[in-house]
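Engineer: For reference, the structure I am asking about is given below.
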Protein chains: 2
Amino acid sequence: MTARQHASRMAAECIGVRIRLLNRIVTNVYDTALRPLGLKTSQLNVLAAAAYLGVARPAEVAERLQMDVSTLSRNIDRMKNRGWLEVVPDEDGRMQPFQLTREGQALFEKAFPLWEKAQQQVETLLGDDGVTHLRAAAEDFFRIPPR
Amino acid sequence: MTARQHASRMAAECIGVRIRLLNRIVTNVYDTALRPLGLKTSQLNVLAAAAYLGVARPAEVAERLQMDVSTLSRNIDRMKNRGWLEVVPDEDGRMQPFQLTREGQALFEKAFPLWEKAQQQVETLLGDDGVTHLRAAAEDFFRIPPR
DNA sequence: ACGATATAGTTGCATATGCAAGGAATGGCC
DNA sequence: GGCCATTCCTTGCATATGCAACTATATCGT
């Protein structure tokens with residue numbers, strides 16, 4: 001097998017290439033829609049987690065979103081600095097649970113209709129089948145165990 | 001509608017959350033497999049593009065992978081510094097076409113079996129249905145117009 | 001030949017991502 | 001009580017990502 005044939009197989013088969021491509025395309029749509037608020041997709045995810053959980057622990061959010069705690073730690077930092085999040089004191093000194101500030105809540109409410117618009121754009125872009133396929137592929141990994 | 005209900009809808013419906021989740025999970029598998037070579041998934045993508053194209057123009061690669069040219073520009077930079085890529089002179093002074101160096105070729109060949117292993121792991125992780133769904137969702141966006 | 005326009009890449013800035021290593025606090029176990 | 005392991009988070013480091021603005025080069029119209 002030549003290198004070019006190997007490359008050809010990777011181009012034809014690689015799942016990573018495909019998911020990364022879709023990720024860039026889709027994330028871009030949400031980012032563009034949210035830009036007027038100075039908000040990024042990943043930040044909206046954190047806002048939503050906090051809005052849903054009320055008081056959220058970084059470790060729990062990281063586990064739900066399957067992201068590294070250190071990544072989340074710094075994302076939260078930036079959002080604290082903007083006044084969107086605040087730490088909630090906890091008996092256990094190791095924890096740094098956080099919640100939305102009043103500004104954070106207001107921002108989330110402003111972001112919601114923009115999210116809806118972006119969501120529609122993505123649905124149009126991927127098509128009904130594409131959306132169905134994507135949901136099906138993700139469903140095993142995105143569980144929303146209610147609290 | 002309360003904020004929590006909005007958050008609930010986003011959690012239940014958001015395509016961005018799902019694709020980003022899948023992206024993190026899948027990219028992590030490839031990254032882990034490639035780590036012994038000091039290679040990241042995105043870099044392997046560039047290596048493969050160069051192996052496939054022979055001489056690759058940044059703009060073309062960026063277009064195929066739907067990524068920002070500035071992102072690619074810096075990725076290529078790092079890979080040049082490692083001796084994996086080299087610039088090919090071009091008549092048009094604007095262009096900075098590149099190709100694999102001998103080392104880059106050797107690296108790509110060493111990476112291939114690791115990629116195969118990671119690909120299998122991902123297939124196991126997502127299941128046959130998941131893989132099929134993902135391919136179906138991506139197929140409209142990942143065309144491989146041969147050269 | 002010249003100026004306007006278009007194209008290809010690069011650079012400044014900011015955010016995001018994850019591994020490895022380092023604290024800090026808690027909870028056993030003896 | 002004191003040590004050890006565990007849990008939770010943060011920090012150092014490196015890469016990746018994209019927008020906006022910029023430079024350099026080429027092309028087109030006149």
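So you can find residues: chains in the structure tokens are A, B, ... in the order shown, residues in each start at 1, and ligands are numbered from 1 in order.
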Taking only chain B into account, list the residues labelled strand (DSSP E) by DSSP (computed from the backbone), as a list in words.
Structural biologist: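 Taking chain B and keeping strand (DSSP E) only, one gets Leu85, Glu86, Val87, Phe98, Gln99 and Leu100 of chain B.
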Engineer: Give me a file of those residues, with C-alpha atoms, as a PDB file, in the first residue's frame.
Structural biologist:
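Printed below is out.pdb as written:
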```pdb
ATOM      1  CA  LEU B  85       6.100  19.678   5.975  1.00  0.00           C
ATOM      2  CA  GLU B  86       7.999  21.865   3.536  1.00  0.00           C
ATOM      3  CA  VAL B  87       6.994  24.667   1.218  1.00  0.00           C
ATOM      4  CA  PHE B  98       3.370  22.504   0.823  1.00  0.00           C
ATOM      5  CA  GLN B  99       4.167  18.830   0.740  1.00  0.00           C
ATOM      6  CA  LEU B 100       5.351  16.109   3.104  1.00  0.00           C
TER       7      LEU B 100
END
```
Engineer: Per residue of chain A within 6 Å of chain B, which atom pair is closest and at what distance in Å (one decimal), using only C-alpha atoms, listed by chain and increasing number, as CSV?
Structural biologist:
```
residue,atom,partner,partner_atom,distance
A:Arg4,CA,B:Tyr52,CA,4.9
A:Ala7,CA,B:Ala48,CA,5.0
A:Arg18,CA,B:Ala138,CA,5.8
A:Ile19,CA,B:Asn23,CA,5.7
A:Arg20,CA,B:Asn23,CA,5.9
A:Asn23,CA,B:Ile19,CA,5.7
A:Ala48,CA,B:Ala7,CA,5.0
A:Ala51,CA,B:Arg4,CA,5.5
A:Tyr52,CA,B:Arg4,CA,4.9
A:Gly130,CA,B:Ala137,CA,4.4
A:His133,CA,B:His133,CA,4.5
A:Ala137,CA,B:Gly130,CA,4.4
A:Ala138,CA,B:Arg18,CA,5.9
```
Engineer: Could you please select, counting only C-alpha atoms (C1' of nucleotides), the residues of chain A within 12 Å of chain C and state them as an MDAnalysis selection string?
Structural biologist: chainID A and resid 31 38:43 66:79 90:96
Engineer: As number ranges by chain, please: every residue in range 4-108 of chain B that DSSP puts in alpha helix (DSSP H).
Structural biologist: B: 4-13, 15-34, 41-53, 58-65, 69-81, 102-108
Engineer: Just fit chain B onto chain A on all the Cα atoms, in order, by least squares, and give it as a compact mmCIF listing (two decimals) with N, CA and C atoms, in the first residue's frame.
Structural biologist:
```txt
# COMPACT_ATOMS: atom_id res chain seq x y z
N MET B 1 0.87 -1.19 -0.03
CA MET B 1 0.02 0.01 -0.05
C MET B 1 0.87 1.28 -0.05
N THR B 2 0.58 2.16 -0.95
CA THR B 2 1.30 3.43 -0.99
C THR B 2 0.69 4.41 0.01
N ALA B 3 1.45 5.45 0.27
CA ALA B 3 0.96 6.48 1.19
C ALA B 3 -0.34 7.10 0.66
N ARG B 4 -0.38 7.26 -0.65
CA ARG B 4 -1.57 7.90 -1.21
C ARG B 4 -2.81 7.02 -1.02
N GLN B 5 -2.60 5.72 -1.14
CA GLN B 5 -3.74 4.82 -0.91
C GLN B 5 -4.19 4.84 0.54
N HIS B 6 -3.21 4.93 1.43
CA HIS B 6 -3.57 5.07 2.84
C HIS B 6 -4.36 6.35 3.07
N ALA B 7 -3.88 7.42 2.47
CA ALA B 7 -4.57 8.70 2.62
C ALA B 7 -5.97 8.62 2.04
N SER B 8 -6.07 7.90 0.96
CA SER B 8 -7.36 7.74 0.30
C SER B 8 -8.34 6.99 1.20
N ARG B 9 -7.84 5.96 1.86
CA ARG B 9 -8.71 5.21 2.77
C ARG B 9 -9.15 6.09 3.92
N MET B 10 -8.21 6.86 4.47
CA MET B 10 -8.57 7.73 5.58
C MET B 10 -9.64 8.73 5.15
N ALA B 11 -9.45 9.30 3.97
CA ALA B 11 -10.43 10.28 3.49
C ALA B 11 -11.79 9.64 3.31
N ALA B 12 -11.77 8.41 2.83
CA ALA B 12 -13.04 7.75 2.53
C ALA B 12 -13.74 7.23 3.78
N GLU B 13 -12.95 6.89 4.81
CA GLU B 13 -13.54 6.17 5.94
C GLU B 13 -13.52 6.89 7.28
N CYS B 14 -12.59 7.81 7.46
CA CYS B 14 -12.34 8.30 8.83
C CYS B 14 -13.55 8.99 9.45
N ILE B 15 -13.94 8.48 10.57
CA ILE B 15 -15.07 9.03 11.31
C ILE B 15 -14.69 10.34 11.97
N GLY B 16 -13.45 10.41 12.43
CA GLY B 16 -12.98 11.63 13.07
C GLY B 16 -13.04 12.83 12.14
N VAL B 17 -12.62 12.64 10.91
CA VAL B 17 -12.68 13.74 9.95
C VAL B 17 -14.11 14.24 9.82
N ARG B 18 -15.03 13.29 9.75
CA ARG B 18 -16.43 13.66 9.52
C ARG B 18 -17.04 14.38 10.72
N ILE B 19 -16.78 13.85 11.89
CA ILE B 19 -17.40 14.48 13.05
C ILE B 19 -16.79 15.86 13.30
N ARG B 20 -15.50 15.97 13.03
CA ARG B 20 -14.85 17.26 13.23
C ARG B 20 -15.35 18.27 12.21
N LEU B 21 -15.58 17.80 11.02
CA LEU B 21 -16.14 18.68 9.99
C LEU B 21 -17.52 19.17 10.39
N LEU B 22 -18.37 18.24 10.78
CA LEU B 22 -19.72 18.62 11.21
C LEU B 22 -19.66 19.56 12.40
N ASN B 23 -18.75 19.27 13.32
CA ASN B 23 -18.63 20.12 14.50
C ASN B 23 -18.30 21.56 14.12
N ARG B 24 -17.34 21.70 13.20
CA ARG B 24 -16.97 23.07 12.79
C ARG B 24 -18.14 23.78 12.14
N ILE B 25 -18.84 23.07 11.24
CA ILE B 25 -19.94 23.70 10.52
C ILE B 25 -21.05 24.10 11.48
N VAL B 26 -21.44 23.17 12.33
CA VAL B 26 -22.58 23.41 13.21
C VAL B 26 -22.25 24.46 14.27
N THR B 27 -21.08 24.30 14.90
CA THR B 27 -20.70 25.26 15.94
C THR B 27 -20.65 26.67 15.36
N ASN B 28 -20.19 26.76 14.13
CA ASN B 28 -20.11 28.07 13.48
C ASN B 28 -21.48 28.74 13.37
N VAL B 29 -22.51 27.97 13.08
CA VAL B 29 -23.85 28.55 12.95
C VAL B 29 -24.29 29.14 14.29
N TYR B 30 -24.13 28.38 15.36
CA TYR B 30 -24.52 28.89 16.68
C TYR B 30 -23.66 30.08 17.07
N ASP B 31 -22.36 29.98 16.84
CA ASP B 31 -21.47 31.08 17.20
C ASP B 31 -21.89 32.37 16.49
N THR B 32 -22.21 32.25 15.21
CA THR B 32 -22.60 33.42 14.44
C THR B 32 -23.89 34.02 15.00
N ALA B 33 -24.83 33.15 15.33
CA ALA B 33 -26.11 33.64 15.86
C ALA B 33 -25.94 34.33 17.21
N LEU B 34 -25.00 33.83 18.01
CA LEU B 34 -24.83 34.35 19.38
C LEU B 34 -23.90 35.55 19.45
N ARG B 35 -23.19 35.82 18.37
CA ARG B 35 -22.15 36.85 18.40
C ARG B 35 -22.67 38.21 18.89
N PRO B 36 -23.89 38.62 18.49
CA PRO B 36 -24.40 39.91 18.98
C PRO B 36 -24.39 40.02 20.50
N LEU B 37 -24.45 38.90 21.19
CA LEU B 37 -24.44 38.93 22.65
C LEU B 37 -23.03 38.74 23.22
N GLY B 38 -22.05 38.59 22.35
CA GLY B 38 -20.69 38.34 22.83
C GLY B 38 -20.57 36.99 23.51
N LEU B 39 -21.38 36.06 23.04
CA LEU B 39 -21.48 34.76 23.68
C LEU B 39 -21.05 33.68 22.69
N LYS B 40 -20.31 32.68 23.20
CA LYS B 40 -19.91 31.58 22.35
C LYS B 40 -20.76 30.35 22.67
N THR B 41 -20.77 29.44 21.72
CA THR B 41 -21.57 28.23 21.88
C THR B 41 -21.26 27.50 23.18
N SER B 42 -19.96 27.35 23.45
CA SER B 42 -19.60 26.58 24.64
C SER B 42 -20.06 27.29 25.91
N GLN B 43 -20.08 28.61 25.85
CA GLN B 43 -20.53 29.37 27.02
C GLN B 43 -22.03 29.23 27.20
N LEU B 44 -22.75 29.22 26.08
CA LEU B 44 -24.20 29.02 26.19
C LEU B 44 -24.49 27.66 26.82
N ASN B 45 -23.69 26.67 26.46
CA ASN B 45 -23.86 25.35 27.06
C ASN B 45 -23.74 25.42 28.57
N VAL B 46 -22.77 26.16 29.04
CA VAL B 46 -22.58 26.29 30.50
C VAL B 46 -23.73 27.07 31.13
N LEU B 47 -24.13 28.15 30.48
CA LEU B 47 -25.27 28.91 30.98
C LEU B 47 -26.50 28.01 31.12
N ALA B 48 -26.73 27.21 30.09
CA ALA B 48 -27.92 26.34 30.10
C ALA B 48 -27.82 25.31 31.20
N ALA B 49 -26.62 24.76 31.38
CA ALA B 49 -26.43 23.78 32.46
C ALA B 49 -26.77 24.41 33.80
N ALA B 50 -26.30 25.63 34.01
CA ALA B 50 -26.56 26.31 35.28
C ALA B 50 -28.04 26.66 35.41
N ALA B 51 -28.65 27.08 34.30
CA ALA B 51 -30.07 27.42 34.34
C ALA B 51 -30.89 26.18 34.67
N TYR B 52 -30.44 25.05 34.17
CA TYR B 52 -31.17 23.81 34.40
C TYR B 52 -30.95 23.28 35.80
N LEU B 53 -29.69 23.32 36.23
CA LEU B 53 -29.35 22.71 37.51
C LEU B 53 -29.60 23.63 38.70
N GLY B 54 -29.63 24.93 38.45
CA GLY B 54 -29.77 25.86 39.55
C GLY B 54 -28.42 26.10 40.18
N VAL B 55 -27.99 25.15 40.97
CA VAL B 55 -26.61 25.19 41.48
C VAL B 55 -25.86 24.03 40.86
N ALA B 56 -24.79 24.35 40.17
CA ALA B 56 -24.09 23.34 39.39
C ALA B 56 -22.68 23.13 39.92
N ARG B 57 -22.27 21.87 40.00
CA ARG B 57 -20.88 21.59 40.34
C ARG B 57 -20.09 21.37 39.06
N PRO B 58 -18.91 21.97 38.95
CA PRO B 58 -18.09 21.80 37.76
C PRO B 58 -17.93 20.33 37.37
N ALA B 59 -17.65 19.48 38.35
CA ALA B 59 -17.41 18.08 38.02
C ALA B 59 -18.63 17.44 37.37
N GLU B 60 -19.79 17.84 37.85
CA GLU B 60 -21.01 17.26 37.30
C GLU B 60 -21.24 17.73 35.87
N VAL B 61 -21.05 19.01 35.65
CA VAL B 61 -21.24 19.56 34.31
C VAL B 61 -20.24 18.94 33.34
N ALA B 62 -19.00 18.84 33.79
CA ALA B 62 -17.97 18.26 32.94
C ALA B 62 -18.31 16.82 32.58
N GLU B 63 -18.89 16.12 33.51
CA GLU B 63 -19.22 14.73 33.26
C GLU B 63 -20.38 14.61 32.28
N ARG B 64 -21.36 15.47 32.44
CA ARG B 64 -22.50 15.45 31.53
C ARG B 64 -22.07 15.80 30.11
N LEU B 65 -21.17 16.77 30.00
CA LEU B 65 -20.76 17.21 28.67
C LEU B 65 -19.52 16.49 28.19
N GLN B 66 -19.02 15.57 29.00
CA GLN B 66 -17.83 14.80 28.62
C GLN B 66 -16.68 15.72 28.24
N MET B 67 -16.46 16.73 29.06
CA MET B 67 -15.33 17.60 28.79
C MET B 67 -14.39 17.62 29.98
N ASP B 68 -13.15 17.99 29.71
CA ASP B 68 -12.15 17.99 30.76
C ASP B 68 -12.50 19.04 31.81
N VAL B 69 -12.30 18.69 33.07
CA VAL B 69 -12.64 19.64 34.13
C VAL B 69 -11.79 20.90 34.04
N SER B 70 -10.57 20.75 33.55
CA SER B 70 -9.71 21.93 33.49
C SER B 70 -10.21 22.90 32.42
N THR B 71 -10.72 22.36 31.34
CA THR B 71 -11.32 23.21 30.31
C THR B 71 -12.49 23.98 30.90
N LEU B 72 -13.36 23.24 31.57
CA LEU B 72 -14.55 23.86 32.15
C LEU B 72 -14.16 24.89 33.19
N SER B 73 -13.15 24.55 33.97
CA SER B 73 -12.70 25.46 35.03
C SER B 73 -12.39 26.84 34.47
N ARG B 74 -11.68 26.84 33.36
CA ARG B 74 -11.30 28.14 32.79
C ARG B 74 -12.45 28.82 32.08
N ASN B 75 -13.32 28.04 31.48
CA ASN B 75 -14.51 28.65 30.87
C ASN B 75 -15.35 29.34 31.93
N ILE B 76 -15.51 28.66 33.05
CA ILE B 76 -16.27 29.25 34.15
C ILE B 76 -15.60 30.52 34.65
N ASP B 77 -14.28 30.47 34.74
CA ASP B 77 -13.52 31.66 35.15
C ASP B 77 -13.87 32.87 34.32
N ARG B 78 -13.78 32.70 33.01
CA ARG B 78 -14.07 33.83 32.12
C ARG B 78 -15.49 34.33 32.33
N MET B 79 -16.40 33.40 32.53
CA MET B 79 -17.79 33.79 32.68
C MET B 79 -18.05 34.46 34.03
N LYS B 80 -17.30 34.05 35.04
CA LYS B 80 -17.36 34.77 36.32
C LYS B 80 -16.88 36.20 36.13
N ASN B 81 -15.77 36.34 35.44
CA ASN B 81 -15.19 37.67 35.24
C ASN B 81 -16.15 38.62 34.51
N ARG B 82 -17.02 38.04 33.71
CA ARG B 82 -18.00 38.86 32.99
C ARG B 82 -19.23 39.12 33.84
N GLY B 83 -19.29 38.49 34.99
CA GLY B 83 -20.43 38.71 35.87
C GLY B 83 -21.62 37.84 35.56
N TRP B 84 -21.42 36.77 34.80
CA TRP B 84 -22.54 35.91 34.43
C TRP B 84 -22.75 34.78 35.43
N LEU B 85 -21.67 34.41 36.11
CA LEU B 85 -21.74 33.31 37.07
C LEU B 85 -21.20 33.77 38.41
N GLU B 86 -21.63 33.11 39.47
CA GLU B 86 -21.09 33.39 40.80
C GLU B 86 -20.98 32.09 41.58
N VAL B 87 -19.99 32.05 42.45
CA VAL B 87 -19.78 30.86 43.27
C VAL B 87 -20.79 30.82 44.40
N VAL B 88 -21.26 29.62 44.70
CA VAL B 88 -22.16 29.42 45.84
C VAL B 88 -21.37 28.70 46.93
N PRO B 89 -21.33 29.26 48.13
CA PRO B 89 -20.56 28.63 49.20
C PRO B 89 -21.10 27.23 49.48
N ASP B 90 -20.19 26.34 49.87
CA ASP B 90 -20.59 24.96 50.14
C ASP B 90 -19.89 24.48 51.40
N GLU B 91 -20.54 23.58 52.10
CA GLU B 91 -19.95 23.04 53.32
C GLU B 91 -18.63 22.34 53.01
N ASP B 92 -18.66 21.53 51.95
CA ASP B 92 -17.45 20.83 51.53
C ASP B 92 -16.51 21.83 50.85
N GLY B 93 -15.40 22.08 51.50
CA GLY B 93 -14.49 23.13 51.03
C GLY B 93 -13.83 22.85 49.69
N ARG B 94 -13.94 21.60 49.22
CA ARG B 94 -13.34 21.28 47.93
C ARG B 94 -14.18 21.80 46.78
N MET B 95 -15.46 21.93 47.01
CA MET B 95 -16.39 22.24 45.93
C MET B 95 -16.41 23.73 45.62
N GLN B 96 -16.67 24.02 44.36
CA GLN B 96 -16.86 25.40 43.92
C GLN B 96 -18.13 25.47 43.08
N PRO B 97 -19.25 25.10 43.69
CA PRO B 97 -20.50 25.12 42.91
C PRO B 97 -20.84 26.55 42.50
N PHE B 98 -21.47 26.69 41.34
CA PHE B 98 -21.78 28.03 40.82
C PHE B 98 -23.23 28.10 40.35
N GLN B 99 -23.69 29.31 40.19
CA GLN B 99 -25.03 29.53 39.66
C GLN B 99 -25.03 30.78 38.81
N LEU B 100 -26.11 31.01 38.09
CA LEU B 100 -26.25 32.22 37.28
C LEU B 100 -26.44 33.42 38.19
N THR B 101 -25.80 34.51 37.84
CA THR B 101 -26.13 35.78 38.47
C THR B 101 -27.41 36.31 37.81
N ARG B 102 -27.90 37.42 38.31
CA ARG B 102 -29.06 38.05 37.68
C ARG B 102 -28.73 38.38 36.23
N GLU B 103 -27.52 38.90 36.03
CA GLU B 103 -27.10 39.21 34.66
C GLU B 103 -27.02 37.95 33.81
N GLY B 104 -26.52 36.89 34.41
CA GLY B 104 -26.42 35.63 33.69
C GLY B 104 -27.78 35.13 33.25
N GLN B 105 -28.76 35.28 34.15
CA GLN B 105 -30.12 34.87 33.81
C GLN B 105 -30.67 35.70 32.66
N ALA B 106 -30.44 37.02 32.76
CA ALA B 106 -30.93 37.92 31.70
C ALA B 106 -30.29 37.56 30.37
N LEU B 107 -28.99 37.28 30.42
CA LEU B 107 -28.28 36.91 29.19
C LEU B 107 -28.85 35.64 28.60
N PHE B 108 -29.10 34.68 29.46
CA PHE B 108 -29.63 33.40 28.97
C PHE B 108 -30.98 33.61 28.28
N GLU B 109 -31.80 34.45 28.88
CA GLU B 109 -33.11 34.70 28.27
C GLU B 109 -32.98 35.42 26.92
N LYS B 110 -31.98 36.31 26.84
CA LYS B 110 -31.78 36.99 25.55
C LYS B 110 -31.21 36.01 24.53
N ALA B 111 -30.45 35.05 25.02
CA ALA B 111 -29.80 34.10 24.09
C ALA B 111 -30.79 33.09 23.53
N PHE B 112 -31.82 32.81 24.29
CA PHE B 112 -32.70 31.71 23.89
C PHE B 112 -33.28 31.85 22.49
N PRO B 113 -33.88 33.00 22.16
CA PRO B 113 -34.42 33.12 20.80
C PRO B 113 -33.35 33.04 19.72
N LEU B 114 -32.14 33.50 20.03
CA LEU B 114 -31.05 33.39 19.06
C LEU B 114 -30.69 31.93 18.86
N TRP B 115 -30.70 31.19 19.96
CA TRP B 115 -30.44 29.76 19.86
C TRP B 115 -31.50 29.09 18.99
N GLU B 116 -32.75 29.45 19.21
CA GLU B 116 -33.83 28.85 18.41
C GLU B 116 -33.62 29.08 16.92
N LYS B 117 -33.21 30.30 16.59
CA LYS B 117 -32.99 30.64 15.20
C LYS B 117 -31.83 29.81 14.62
N ALA B 118 -30.75 29.73 15.39
CA ALA B 118 -29.59 28.95 14.93
C ALA B 118 -29.97 27.48 14.78
N GLN B 119 -30.74 27.00 15.71
CA GLN B 119 -31.17 25.60 15.67
C GLN B 119 -31.94 25.34 14.37
N GLN B 120 -32.82 26.27 14.01
CA GLN B 120 -33.56 26.12 12.75
C GLN B 120 -32.64 26.11 11.55
N GLN B 121 -31.65 27.04 11.59
CA GLN B 121 -30.70 27.09 10.48
C GLN B 121 -29.97 25.77 10.34
N VAL B 122 -29.57 25.22 11.47
CA VAL B 122 -28.83 23.96 11.43
C VAL B 122 -29.72 22.84 10.90
N GLU B 123 -30.97 22.86 11.31
CA GLU B 123 -31.89 21.83 10.82
C GLU B 123 -32.06 21.92 9.31
N THR B 124 -32.13 23.14 8.82
CA THR B 124 -32.23 23.34 7.37
C THR B 124 -30.97 22.85 6.67
N LEU B 125 -29.84 23.20 7.30
CA LEU B 125 -28.55 22.86 6.71
C LEU B 125 -28.35 21.34 6.63
N LEU B 126 -28.68 20.66 7.71
CA LEU B 126 -28.45 19.21 7.75
C LEU B 126 -29.57 18.43 7.10
N GLY B 127 -30.74 19.04 7.03
CA GLY B 127 -31.91 18.32 6.52
C GLY B 127 -32.49 17.43 7.60
N ASP B 128 -33.74 17.07 7.43
CA ASP B 128 -34.42 16.25 8.44
C ASP B 128 -33.67 14.94 8.69
N ASP B 129 -33.24 14.33 7.60
CA ASP B 129 -32.53 13.05 7.76
C ASP B 129 -31.23 13.23 8.53
N GLY B 130 -30.49 14.27 8.16
CA GLY B 130 -29.23 14.53 8.84
C GLY B 130 -29.42 14.70 10.33
N VAL B 131 -30.44 15.49 10.68
CA VAL B 131 -30.71 15.73 12.10
C VAL B 131 -31.07 14.43 12.81
N THR B 132 -31.92 13.67 12.18
CA THR B 132 -32.32 12.39 12.77
C THR B 132 -31.11 11.49 12.99
N HIS B 133 -30.26 11.43 11.97
CA HIS B 133 -29.06 10.59 12.08
C HIS B 133 -28.16 11.04 13.22
N LEU B 134 -28.01 12.36 13.31
CA LEU B 134 -27.12 12.91 14.33
C LEU B 134 -27.64 12.62 15.73
N ARG B 135 -28.92 12.83 15.91
CA ARG B 135 -29.52 12.56 17.21
C ARG B 135 -29.35 11.10 17.57
N ALA B 136 -29.57 10.25 16.58
CA ALA B 136 -29.46 8.82 16.83
C ALA B 136 -28.05 8.45 17.24
N ALA B 137 -27.07 9.07 16.57
CA ALA B 137 -25.67 8.74 16.87
C ALA B 137 -25.29 9.23 18.27
N ALA B 138 -25.90 10.31 18.70
CA ALA B 138 -25.50 10.93 19.96
C ALA B 138 -26.26 10.38 21.16
N GLU B 139 -27.39 9.76 20.92
CA GLU B 139 -28.30 9.50 22.03
C GLU B 139 -27.70 8.62 23.11
N ASP B 140 -26.79 7.73 22.71
CA ASP B 140 -26.19 6.87 23.71
C ASP B 140 -25.24 7.62 24.63
N PHE B 141 -24.81 8.80 24.20
CA PHE B 141 -23.79 9.51 24.97
C PHE B 141 -24.33 10.72 25.71
N PHE B 142 -25.48 11.20 25.27
CA PHE B 142 -26.02 12.37 25.93
C PHE B 142 -27.28 12.00 26.70
N ARG B 143 -27.06 11.63 27.90
CA ARG B 143 -28.18 11.35 28.78
C ARG B 143 -28.40 12.59 29.63
N ILE B 144 -29.63 12.83 29.95
CA ILE B 144 -29.93 13.98 30.80
C ILE B 144 -30.57 13.49 32.06
N PRO B 145 -29.79 12.84 32.92
CA PRO B 145 -30.39 12.35 34.16
C PRO B 145 -30.93 13.52 34.94
N PRO B 146 -32.23 13.60 35.12
CA PRO B 146 -32.79 14.75 35.84
C PRO B 146 -32.35 14.71 37.28
N ARG B 147 -32.43 15.85 37.90
CA ARG B 147 -31.99 15.95 39.30
C ARG B 147 -33.18 16.15 40.19
```
Engineer: Quick check: residues of chain D within 9 Å of chain B, only C-alpha atoms (C1' of nucleotides), returned as a PDB file with N, CA, C and O atoms (P, O5', C5', C4', C3', O3' and C1' of nucleotides), in the first residue's frame.
Structural biologist:
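result.pdb, written as the output of this step:
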```pdb
ATOM      1  P    DT D  15       2.940  22.748  20.489  1.00  0.00           P
ATOM      2  O5'  DT D  15       1.404  22.529  20.102  1.00  0.00           O
ATOM      3  C5'  DT D  15       0.812  21.284  20.366  1.00  0.00           C
ATOM      4  C4'  DT D  15      -0.675  21.365  20.149  1.00  0.00           C
ATOM      5  C3'  DT D  15      -1.081  21.938  18.788  1.00  0.00           C
ATOM      6  O3'  DT D  15      -1.864  20.949  18.145  1.00  0.00           O
ATOM      7  C1'  DT D  15      -2.320  22.950  20.545  1.00  0.00           C
ATOM      8  P    DA D  16      -2.465  21.248  16.677  1.00  0.00           P
ATOM      9  O5'  DA D  16      -3.864  21.952  16.966  1.00  0.00           O
ATOM     10  C5'  DA D  16      -4.783  21.286  17.811  1.00  0.00           C
ATOM     11  C4'  DA D  16      -6.088  22.051  17.849  1.00  0.00           C
ATOM     12  C3'  DA D  16      -6.565  22.594  16.500  1.00  0.00           C
ATOM     13  O3'  DA D  16      -7.942  22.293  16.427  1.00  0.00           O
ATOM     14  C1'  DA D  16      -6.516  24.321  18.087  1.00  0.00           C
ATOM     15  P    DT D  17      -8.757  22.313  15.067  1.00  0.00           P
ATOM     16  O5'  DT D  17      -9.486  23.713  15.134  1.00  0.00           O
ATOM     17  C5'  DT D  17     -10.549  23.909  16.072  1.00  0.00           C
ATOM     18  C4'  DT D  17     -10.901  25.363  16.133  1.00  0.00           C
ATOM     19  C3'  DT D  17     -10.974  26.069  14.778  1.00  0.00           C
ATOM     20  O3'  DT D  17     -12.296  26.002  14.294  1.00  0.00           O
ATOM     21  C1'  DT D  17     -10.100  27.441  16.558  1.00  0.00           C
ATOM     22  P    DG D  18     -12.680  26.599  12.871  1.00  0.00           P
ATOM     23  O5'  DG D  18     -12.871  28.163  13.143  1.00  0.00           O
ATOM     24  C5'  DG D  18     -13.793  28.583  14.132  1.00  0.00           C
ATOM     25  C4'  DG D  18     -13.739  30.094  14.259  1.00  0.00           C
ATOM     26  C3'  DG D  18     -13.735  30.842  12.917  1.00  0.00           C
ATOM     27  O3'  DG D  18     -14.609  31.960  13.015  1.00  0.00           O
ATOM     28  C1'  DG D  18     -11.957  31.571  14.229  1.00  0.00           C
ATOM     29  P    DA D  24       4.245  43.913   2.641  1.00  0.00           P
ATOM     30  O5'  DA D  24       3.934  42.789   1.558  1.00  0.00           O
ATOM     31  C5'  DA D  24       4.055  41.433   1.917  1.00  0.00           C
ATOM     32  C4'  DA D  24       3.612  40.565   0.748  1.00  0.00           C
ATOM     33  C3'  DA D  24       4.102  41.070  -0.615  1.00  0.00           C
ATOM     34  O3'  DA D  24       4.607  39.965  -1.333  1.00  0.00           O
ATOM     35  C1'  DA D  24       1.766  40.739  -0.643  1.00  0.00           C
ATOM     36  P    DT D  25       5.482  40.242  -2.674  1.00  0.00           P
ATOM     37  O5'  DT D  25       4.523  39.700  -3.832  1.00  0.00           O
ATOM     38  C5'  DT D  25       3.976  38.409  -3.690  1.00  0.00           C
ATOM     39  C4'  DT D  25       2.741  38.286  -4.547  1.00  0.00           C
ATOM     40  C3'  DT D  25       2.944  38.667  -6.014  1.00  0.00           C
ATOM     41  O3'  DT D  25       2.914  37.465  -6.766  1.00  0.00           O
ATOM     42  C1'  DT D  25       0.837  39.367  -5.140  1.00  0.00           C
ATOM     43  P    DA D  26       3.160  37.491  -8.358  1.00  0.00           P
ATOM     44  O5'  DA D  26       1.682  37.595  -8.933  1.00  0.00           O
ATOM     45  C5'  DA D  26       0.759  36.559  -8.598  1.00  0.00           C
ATOM     46  C4'  DA D  26      -0.629  36.953  -9.047  1.00  0.00           C
ATOM     47  C3'  DA D  26      -0.766  37.253 -10.551  1.00  0.00           C
ATOM     48  O3'  DA D  26      -1.804  36.451 -11.053  1.00  0.00           O
ATOM     49  C1'  DA D  26      -1.793  38.928  -9.243  1.00  0.00           C
TER      50       DA D  26
END
```
